[in-house]
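Quick notes on the structure that follows.
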Amino acid sequence: MATEILSAEGLRCDGRRPQEMRKLKCELGVSEGADGSAIVEQGYTKVLVSVFGPHECANRTARNHERAIISCSYNFASFGAAVRKKKMTADKKTTEVGVMIQNTFEAAVMLEKFPKSQIDIYVQVLQGDGGERCVAINATTLALINAGIPLKDYVCACAATVFQDSVLLDINNLEESYRGPLFMLAVMPQTESIVQLQLDHRLHNDHLDKVVRETIQGCRDIKVLLDRQVKEWTVEAAAAYEIKPRV
Amino acid sequence: MATRLSINEIRYIIDGVEQDFRTDGRAAEDYRHVELESRVLPNTNGSARCKLGKTEVLVGIKAEVVDVDVHAPHIGKLVITADCSAVASPKFVGKGSEALENDLTNILSFIYHSTETLPLKELCILPGKSCWQLNVDVLFVQCGGNLFDVASIALKAALHNTTLPKVRVSGEGIEMEMEVADDPYHVWKLDVSNWPICITLYQIGCSFAVDPSEEEVACSEGYVHVGVLPSGDVSSMEKSGAGNIDPTVLLEMVEVGVRVGEDIHNQLDKQLEAEKSLAKL
């Protein structure tokens, strides 16, 4: 098991170095029916997010007169995991992830601009190979940008684990399942403020500082890639109107 | 998916279909541009993505070895499940999509349940004991009308690239053992030359059309699903939706359905063959 996670030469099971992130591919505006949508692929993990809104609150009792509310639903496709998972509605784990994403974006979206409204975020994991929550957060950032909803900053997320004193960034399914610490961080890169932090299993106090610093760096790297894609998409979208934006 | 149309718009659409010239210039028998991508999900045995108009579908097929059905001990199993993702519309959150999903699952299972037409014998491993069960998951990522046809096209493409591990059967009688190959290249593919696709014909006014847009669906009364085999035979048929269909119109519908179905099979087969030459597996 030990050699599977990190070999003697310092390579992980998929050939990456400890601080190396998986290949990131992203695209905005993939779903025509939604107000905003995006697909992000990190390694073999692929997540599609659709955003609807801001629109009138569906539930009048939940309406807030000062700011918009966010409603989030997280779903994992049946064919997404290595072992087929039959669809379960309102599974405790998926509801929890939905609430986590909702809380994350309540901190990042400028909700005061849309009082009494609702913004819906729907996450569909098409393929899961570790780090689905992080890829979901990254895809949601892009989908919100695609929908034109104002954000305070990008929200970028990255998961890490510690193995034999090395921090492994952007972990895949195998690395998630070896029972080491599972550390997930969602960060607004410009201010470096932590929006979401989750740790499962045990992490030694000595490693905490290193893990936080390296994961923040991982999030910053993700932001660069997401930003590049947003600029590309902006230029393309503006070209349809014969506008040349300054990016 | 409910579109609100004025009386004049409805009249315009119905007149168009009856005169074989629809709002987007198509004839009643014309399909829109179909976009198909195969092997999009590495976690599955076979997969495909199909986009037609505003509908986009992802089909993933995962195979597992199960016990045979007591009533059918020499054939394998096919289980189809439809799932409408919330990503497609806010209406599909939680239980909102249940009605549509049940409808889709039932119709698709019906099209693909005929044991005489489908080569399910191939899926049998140990007659009377074990067989392959293909779990077909159809995920609707965008819903914009004509869901059944898109799903069946994607399903056929996914079946075409489904690879199953070879199973080595040894021993005799009660001691028969099977060993599923571990090697990812030690696989075999299904023969999809006799799998049907679903063509749905919608009755609009006194006439009918295939592949309607959302507005055209809103003007339709009743529709017929026809399961068409590549040979041009009809494997199954079902009428759905509210509305009466005239028997003579029904015969014409089936005729057109078969014609369109054969054409789609031809084009689909050509594309899938071309794709096979690109990948060496």
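Numbering starts fresh at 1 for the residues of each chain in the structure tokens, the chains themselves are lettered A, B, ... in the order given, and ligands are numbered from 1 as they appear.
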Within 10 Å of region 63-84 of chain B: each region 160-232 of chain B residue with its shortest pair, only C-alpha atoms, as a Markdown table:
| residue | atom | partner | partner_atom | distance |
| --- | --- | --- | --- | --- |
| B:Thr162 | CA | B:Ala63 | CA | 9.1 |
| B:Thr163 | CA | B:Ala63 | CA | 9.1 |
| B:Leu164 | CA | B:Ala63 | CA | 7.3 |
| B:Pro165 | CA | B:Ala63 | CA | 9.4 |
| B:Val180 | CA | B:Val65 | CA | 9.3 |
Within 10 Å of Arg11 (chain B), counting only C-alpha atoms, which residues show up once you throw out same-chain ones fewer than 5 positions away? Write them as JSON, numbers by chain, please. {"B": [5, 6, 16, 205, 219]}
Could the residues in this selection be written to a file with N, CA, C and O atoms, as an mmCIF file, in the first residue's frame?
data_model
loop_
_atom_site.group_PDB
_atom_site.id
_atom_site.type_symbol
_atom_site.label_atom_id
_atom_site.label_comp_id
_atom_site.auth_asym_id
_atom_site.auth_seq_id
_atom_site.Cartn_x
_atom_site.Cartn_y
_atom_site.Cartn_z
ATOM 1 N N LEU B 5 -47.779 29.594 -25.451
ATOM 2 C CA LEU B 5 -47.918 30.090 -26.820
ATOM 3 C C LEU B 5 -49.276 30.724 -26.996
ATOM 4 O O LEU B 5 -50.259 30.294 -26.409
ATOM 5 N N SER B 6 -49.329 31.724 -27.870
ATOM 6 C CA SER B 6 -50.614 32.365 -28.152
ATOM 7 C C SER B 6 -51.367 31.520 -29.168
ATOM 8 O O SER B 6 -50.787 30.654 -29.825
ATOM 9 N N GLY B 16 -47.907 24.909 -40.316
ATOM 10 C CA GLY B 16 -46.590 24.597 -40.873
ATOM 11 C C GLY B 16 -46.368 23.105 -40.998
ATOM 12 O O GLY B 16 -45.947 22.596 -42.035
ATOM 13 N N GLY B 205 -51.965 18.683 -35.065
ATOM 14 C CA GLY B 205 -53.081 19.000 -35.960
ATOM 15 C C GLY B 205 -53.545 17.729 -36.634
ATOM 16 O O GLY B 205 -53.764 16.709 -35.989
ATOM 17 N N CYS B 219 -47.846 22.065 -28.992
ATOM 18 C CA CYS B 219 -49.010 22.066 -29.889
ATOM 19 C C CYS B 219 -49.474 20.662 -30.231
ATOM 20 O O CYS B 219 -50.432 20.483 -30.971
#
What are the residues of chain B lining chain A at 9 Å or less? Count only C-alpha atoms, and put the answer as a PyMOL selection string. chain B and resi 41-44+54+56+58-62+83+85-90+93-95+135-137+139+141-144
Can you write out the residues you just picked, keeping C-alpha atoms, as an mmCIF file, in the first residue's frame?
data_model
loop_
_atom_site.group_PDB
_atom_site.id
_atom_site.type_symbol
_atom_site.label_atom_id
_atom_site.label_comp_id
_atom_site.auth_asym_id
_atom_site.auth_seq_id
_atom_site.Cartn_x
_atom_site.Cartn_y
_atom_site.Cartn_z
ATOM 1 C CA LEU B 41 -16.780 8.202 -19.302
ATOM 2 C CA PRO B 42 -13.689 6.123 -18.480
ATOM 3 C CA ASN B 43 -15.298 4.585 -15.369
ATOM 4 C CA THR B 44 -17.848 2.724 -17.463
ATOM 5 C CA LYS B 54 -31.748 21.571 -26.768
ATOM 6 C CA GLU B 56 -28.346 16.541 -24.141
ATOM 7 C CA LEU B 58 -25.183 11.049 -21.226
ATOM 8 C CA VAL B 59 -25.428 7.263 -21.257
ATOM 9 C CA GLY B 60 -23.126 5.140 -19.118
ATOM 10 C CA ILE B 61 -23.157 1.346 -19.196
ATOM 11 C CA LYS B 62 -21.658 -0.633 -16.347
ATOM 12 C CA ASP B 83 -32.236 10.192 -14.388
ATOM 13 C CA SER B 85 -30.373 15.917 -13.477
ATOM 14 C CA ALA B 86 -31.246 19.068 -11.563
ATOM 15 C CA VAL B 87 -28.678 20.696 -13.793
ATOM 16 C CA ALA B 88 -31.246 20.596 -16.591
ATOM 17 C CA SER B 89 -33.942 22.541 -14.778
ATOM 18 C CA PRO B 90 -34.854 23.694 -11.253
ATOM 19 C CA VAL B 93 -34.557 19.008 -7.820
ATOM 20 C CA GLY B 94 -35.326 16.264 -5.320
ATOM 21 C CA LYS B 95 -38.548 14.466 -6.137
ATOM 22 C CA ASN B 135 -26.788 -1.449 -16.064
ATOM 23 C CA VAL B 136 -27.628 1.374 -18.420
ATOM 24 C CA ASP B 137 -27.843 4.777 -16.776
ATOM 25 C CA LEU B 139 -28.605 10.967 -17.497
ATOM 26 C CA VAL B 141 -28.204 16.959 -18.663
ATOM 27 C CA GLN B 142 -30.458 19.240 -20.707
ATOM 28 C CA CYS B 143 -34.133 18.613 -21.468
ATOM 29 C CA GLY B 144 -35.537 20.277 -24.546
#
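Atom pair CA of Ile204 (chain B) / CA of Gly227 (chain B): separated by 20.4 Å.
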If we count only C-alpha atoms, what is near Glu216 (chain B) at a cut-off of 12 Å, once residues fewer than 5 positions away on the same chain are taken out, given as a short mmCIF file (atom, residue, chain, number, x, y, z; two decimals) with all heavy atoms, in the first residue's frame?
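Below is the file part.cif, written as the result:
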data_model
loop_
_atom_site.label_atom_id
_atom_site.label_comp_id
_atom_site.auth_asym_id
_atom_site.auth_seq_id
_atom_site.Cartn_x
_atom_site.Cartn_y
_atom_site.Cartn_z
N MET B 1 -40.35 22.92 -18.78
CA MET B 1 -40.49 22.59 -20.19
C MET B 1 -41.78 23.13 -20.79
O MET B 1 -41.98 23.08 -21.98
CB MET B 1 -40.48 21.06 -20.37
CG MET B 1 -39.11 20.56 -20.73
SD MET B 1 -39.07 18.98 -21.54
CE MET B 1 -40.12 17.95 -20.63
N ALA B 2 -42.69 23.66 -19.95
CA ALA B 2 -43.97 24.16 -20.48
C ALA B 2 -43.72 25.49 -21.16
O ALA B 2 -43.16 26.42 -20.59
CB ALA B 2 -44.96 24.33 -19.34
N THR B 3 -44.14 25.56 -22.44
CA THR B 3 -43.98 26.83 -23.16
C THR B 3 -45.37 27.42 -23.32
O THR B 3 -46.33 26.72 -23.60
CB THR B 3 -43.39 26.57 -24.55
OG1 THR B 3 -43.35 25.19 -24.79
CG2 THR B 3 -42.02 27.15 -24.67
N ARG B 4 -45.42 28.75 -23.15
CA ARG B 4 -46.71 29.39 -23.32
C ARG B 4 -46.78 30.00 -24.70
O ARG B 4 -45.93 30.82 -25.06
CB ARG B 4 -46.91 30.45 -22.24
CG ARG B 4 -47.54 29.84 -20.98
CD ARG B 4 -47.80 30.88 -19.96
NE ARG B 4 -46.58 31.20 -19.26
CZ ARG B 4 -46.59 31.76 -18.06
NH1 ARG B 4 -47.71 32.06 -17.47
NH2 ARG B 4 -45.46 32.03 -17.46
N LEU B 5 -47.78 29.59 -25.45
CA LEU B 5 -47.92 30.09 -26.82
C LEU B 5 -49.28 30.72 -27.00
O LEU B 5 -50.26 30.29 -26.41
CB LEU B 5 -47.78 28.92 -27.81
CG LEU B 5 -46.44 28.20 -27.83
CD1 LEU B 5 -46.57 26.92 -28.63
CD2 LEU B 5 -45.37 29.07 -28.44
N GLU B 9 -49.82 31.68 -32.58
CA GLU B 9 -48.57 30.93 -32.71
C GLU B 9 -48.87 29.45 -32.89
O GLU B 9 -48.26 28.76 -33.69
CB GLU B 9 -47.70 31.13 -31.46
CG GLU B 9 -46.94 32.44 -31.46
CD GLU B 9 -46.15 32.63 -30.17
OE1 GLU B 9 -46.77 32.64 -29.09
OE2 GLU B 9 -44.93 32.78 -30.25
N ILE B 10 -49.84 28.97 -32.12
CA ILE B 10 -50.20 27.54 -32.20
C ILE B 10 -50.71 27.23 -33.61
O ILE B 10 -50.33 26.24 -34.23
CB ILE B 10 -51.26 27.18 -31.15
CG1 ILE B 10 -50.68 27.34 -29.74
CG2 ILE B 10 -51.77 25.75 -31.34
CD1 ILE B 10 -51.65 27.11 -28.62
N ARG B 11 -51.57 28.11 -34.12
CA ARG B 11 -52.13 27.92 -35.46
C ARG B 11 -51.02 27.90 -36.51
O ARG B 11 -51.01 27.08 -37.42
CB ARG B 11 -53.11 29.07 -35.73
CG ARG B 11 -54.03 28.88 -36.93
CD ARG B 11 -55.05 27.80 -36.74
NE ARG B 11 -54.73 26.62 -37.51
CZ ARG B 11 -55.28 25.43 -37.31
NH1 ARG B 11 -56.16 25.27 -36.33
NH2 ARG B 11 -54.95 24.40 -38.05
N TYR B 12 -50.07 28.82 -36.33
CA TYR B 12 -48.95 28.93 -37.27
C TYR B 12 -48.12 27.65 -37.30
O TYR B 12 -47.76 27.14 -38.35
CB TYR B 12 -48.08 30.13 -36.84
CG TYR B 12 -46.93 30.45 -37.75
CD1 TYR B 12 -47.13 31.07 -39.00
CD2 TYR B 12 -45.62 30.14 -37.38
CE1 TYR B 12 -46.08 31.37 -39.83
CE2 TYR B 12 -44.56 30.44 -38.21
CZ TYR B 12 -44.80 31.06 -39.44
OH TYR B 12 -43.74 31.35 -40.26
N ILE B 13 -47.85 27.14 -36.08
CA ILE B 13 -47.03 25.91 -36.01
C ILE B 13 -47.79 24.73 -36.62
O ILE B 13 -47.23 23.95 -37.39
CB ILE B 13 -46.64 25.63 -34.54
CG1 ILE B 13 -45.65 26.69 -34.06
CG2 ILE B 13 -46.04 24.24 -34.39
CD1 ILE B 13 -45.33 26.63 -32.59
N ILE B 14 -49.07 24.61 -36.27
CA ILE B 14 -49.85 23.47 -36.79
C ILE B 14 -49.96 23.54 -38.31
O ILE B 14 -49.76 22.54 -39.01
CB ILE B 14 -51.25 23.43 -36.14
CG1 ILE B 14 -51.13 23.12 -34.65
CG2 ILE B 14 -52.14 22.39 -36.82
CD1 ILE B 14 -52.44 23.09 -33.91
N ASP B 15 -50.22 24.74 -38.83
CA ASP B 15 -50.32 24.89 -40.29
C ASP B 15 -49.00 24.50 -40.95
O ASP B 15 -48.97 23.85 -41.99
CB ASP B 15 -50.65 26.35 -40.65
CG ASP B 15 -52.12 26.66 -40.44
OD1 ASP B 15 -52.90 25.70 -40.26
OD2 ASP B 15 -52.48 27.85 -40.45
N GLY B 16 -47.91 24.91 -40.32
CA GLY B 16 -46.59 24.60 -40.87
C GLY B 16 -46.37 23.11 -41.00
O GLY B 16 -45.95 22.60 -42.03
N VAL B 17 -46.69 22.38 -39.93
CA VAL B 17 -46.49 20.93 -39.94
C VAL B 17 -47.38 20.28 -40.99
O VAL B 17 -46.96 19.38 -41.72
CB VAL B 17 -46.76 20.32 -38.55
CG1 VAL B 17 -46.69 18.82 -38.59
CG2 VAL B 17 -45.79 20.87 -37.52
N ARG B 22 -41.98 23.38 -41.51
CA ARG B 22 -42.07 23.82 -40.13
C ARG B 22 -41.42 25.17 -39.91
O ARG B 22 -40.78 25.72 -40.82
CB ARG B 22 -41.43 22.77 -39.22
CG ARG B 22 -42.26 21.51 -39.19
CD ARG B 22 -41.39 20.29 -39.10
NE ARG B 22 -41.04 19.98 -37.71
CZ ARG B 22 -40.42 18.84 -37.36
NH1 ARG B 22 -40.10 17.96 -38.28
NH2 ARG B 22 -40.11 18.62 -36.12
N THR B 23 -41.55 25.71 -38.70
CA THR B 23 -41.07 27.07 -38.42
C THR B 23 -39.57 27.22 -38.68
O THR B 23 -39.11 28.29 -39.05
CB THR B 23 -41.35 27.48 -36.97
OG1 THR B 23 -41.02 26.38 -36.12
CG2 THR B 23 -42.81 27.81 -36.78
N ASP B 24 -38.79 26.15 -38.49
CA ASP B 24 -37.37 26.29 -38.74
C ASP B 24 -37.00 25.80 -40.14
O ASP B 24 -35.82 25.59 -40.44
CB ASP B 24 -36.54 25.55 -37.68
CG ASP B 24 -36.99 24.11 -37.51
OD1 ASP B 24 -37.85 23.66 -38.30
OD2 ASP B 24 -36.50 23.44 -36.59
N ALA B 28 -41.54 17.53 -42.19
CA ALA B 28 -42.04 16.78 -41.05
C ALA B 28 -41.13 15.60 -40.68
O ALA B 28 -41.07 15.19 -39.53
CB ALA B 28 -43.46 16.28 -41.33
N GLY B 144 -34.87 19.33 -23.66
CA GLY B 144 -35.54 20.28 -24.55
C GLY B 144 -36.40 19.60 -25.57
O GLY B 144 -36.44 20.00 -26.71
N GLY B 145 -37.09 18.55 -25.18
CA GLY B 145 -37.98 17.88 -26.13
C GLY B 145 -37.30 16.71 -26.81
O GLY B 145 -36.10 16.65 -26.93
N ASN B 146 -38.12 15.75 -27.27
CA ASN B 146 -37.64 14.59 -28.01
C ASN B 146 -36.65 13.77 -27.20
O ASN B 146 -35.62 13.33 -27.71
CB ASN B 146 -37.00 15.03 -29.33
CG ASN B 146 -37.00 13.92 -30.35
OD1 ASN B 146 -37.76 12.96 -30.25
ND2 ASN B 146 -36.14 14.04 -31.33
N LEU B 201 -43.11 9.86 -32.92
CA LEU B 201 -43.84 10.69 -33.88
C LEU B 201 -44.95 11.41 -33.12
O LEU B 201 -45.75 10.78 -32.44
CB LEU B 201 -44.44 9.82 -34.98
CG LEU B 201 -43.36 9.04 -35.72
CD1 LEU B 201 -43.50 7.57 -35.48
CD2 LEU B 201 -43.40 9.35 -37.19
N TYR B 202 -44.95 12.71 -33.25
CA TYR B 202 -45.92 13.51 -32.53
C TYR B 202 -47.06 13.92 -33.46
O TYR B 202 -46.82 14.42 -34.55
CB TYR B 202 -45.26 14.78 -31.98
CG TYR B 202 -44.32 14.51 -30.84
CD1 TYR B 202 -43.08 13.92 -31.05
CD2 TYR B 202 -44.66 14.88 -29.54
CE1 TYR B 202 -42.22 13.67 -30.00
CE2 TYR B 202 -43.80 14.64 -28.48
CZ TYR B 202 -42.59 14.04 -28.72
OH TYR B 202 -41.74 13.80 -27.66
N GLN B 203 -48.28 13.74 -32.98
CA GLN B 203 -49.41 14.17 -33.81
C GLN B 203 -49.63 15.65 -33.58
O GLN B 203 -49.85 16.08 -32.43
CB GLN B 203 -50.68 13.39 -33.44
CG GLN B 203 -51.91 14.01 -34.05
CD GLN B 203 -53.03 13.04 -34.23
OE1 GLN B 203 -52.89 12.01 -34.87
NE2 GLN B 203 -54.17 13.37 -33.64
N ILE B 204 -49.53 16.43 -34.64
CA ILE B 204 -49.73 17.88 -34.56
C ILE B 204 -50.80 18.24 -35.56
O ILE B 204 -50.60 18.10 -36.77
CB ILE B 204 -48.41 18.64 -34.85
CG1 ILE B 204 -47.35 18.23 -33.82
CG2 ILE B 204 -48.65 20.14 -34.81
CD1 ILE B 204 -45.98 18.78 -34.12
N GLY B 205 -51.96 18.68 -35.06
CA GLY B 205 -53.08 19.00 -35.96
C GLY B 205 -53.54 17.73 -36.63
O GLY B 205 -53.76 16.71 -35.99
N PHE B 208 -48.41 14.84 -38.61
CA PHE B 208 -47.49 14.44 -37.55
C PHE B 208 -46.08 14.83 -37.95
O PHE B 208 -45.79 15.10 -39.12
CB PHE B 208 -47.59 12.94 -37.28
CG PHE B 208 -47.35 12.10 -38.50
CD1 PHE B 208 -46.06 11.69 -38.86
CD2 PHE B 208 -48.42 11.71 -39.31
CE1 PHE B 208 -45.85 10.93 -39.99
CE2 PHE B 208 -48.20 10.94 -40.43
CZ PHE B 208 -46.92 10.55 -40.78
N ALA B 209 -45.18 14.83 -36.97
CA ALA B 209 -43.79 15.20 -37.23
C ALA B 209 -42.87 14.45 -36.29
O ALA B 209 -43.28 13.99 -35.24
CB ALA B 209 -43.61 16.70 -37.06
N VAL B 210 -41.61 14.35 -36.71
CA VAL B 210 -40.59 13.76 -35.83
C VAL B 210 -39.70 14.88 -35.30
O VAL B 210 -39.67 15.98 -35.85
CB VAL B 210 -39.69 12.73 -36.55
CG1 VAL B 210 -40.48 11.50 -36.91
CG2 VAL B 210 -39.00 13.32 -37.74
N ASP B 211 -39.00 14.60 -34.23
CA ASP B 211 -38.06 15.53 -33.63
C ASP B 211 -38.64 16.94 -33.50
O ASP B 211 -38.19 17.88 -34.16
CB ASP B 211 -36.76 15.58 -34.45
CG ASP B 211 -35.69 16.38 -33.74
OD1 ASP B 211 -35.76 16.49 -32.50
OD2 ASP B 211 -34.79 16.90 -34.42
N GLU B 221 -50.85 16.69 -29.80
CA GLU B 221 -51.76 15.92 -28.95
C GLU B 221 -51.40 14.46 -29.13
O GLU B 221 -51.70 13.88 -30.14
CB GLU B 221 -53.20 16.04 -29.44
CG GLU B 221 -53.68 17.41 -29.79
CD GLU B 221 -54.73 17.35 -30.89
OE1 GLU B 221 -55.13 16.24 -31.33
OE2 GLU B 221 -55.14 18.43 -31.30
N GLY B 222 -50.77 13.90 -28.22
CA GLY B 222 -50.47 12.47 -28.32
C GLY B 222 -49.26 12.19 -29.19
O GLY B 222 -48.98 12.91 -30.14
N TYR B 223 -48.52 11.16 -28.85
CA TYR B 223 -47.36 10.77 -29.64
C TYR B 223 -47.20 9.26 -29.57
O TYR B 223 -47.70 8.60 -28.66
CB TYR B 223 -46.09 11.47 -29.18
CG TYR B 223 -45.89 11.55 -27.69
CD1 TYR B 223 -45.11 10.61 -27.02
CD2 TYR B 223 -46.45 12.59 -26.95
CE1 TYR B 223 -44.91 10.69 -25.66
CE2 TYR B 223 -46.25 12.68 -25.59
CZ TYR B 223 -45.49 11.74 -24.95
OH TYR B 223 -45.30 11.82 -23.59
#
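Residue nearest Glu255 (chain B) within the list B:Ser193, B:Lys51, B:Glu29, B:Ile107: B:Glu29 [criterion: smallest interatomic distance, only C-alpha atoms].
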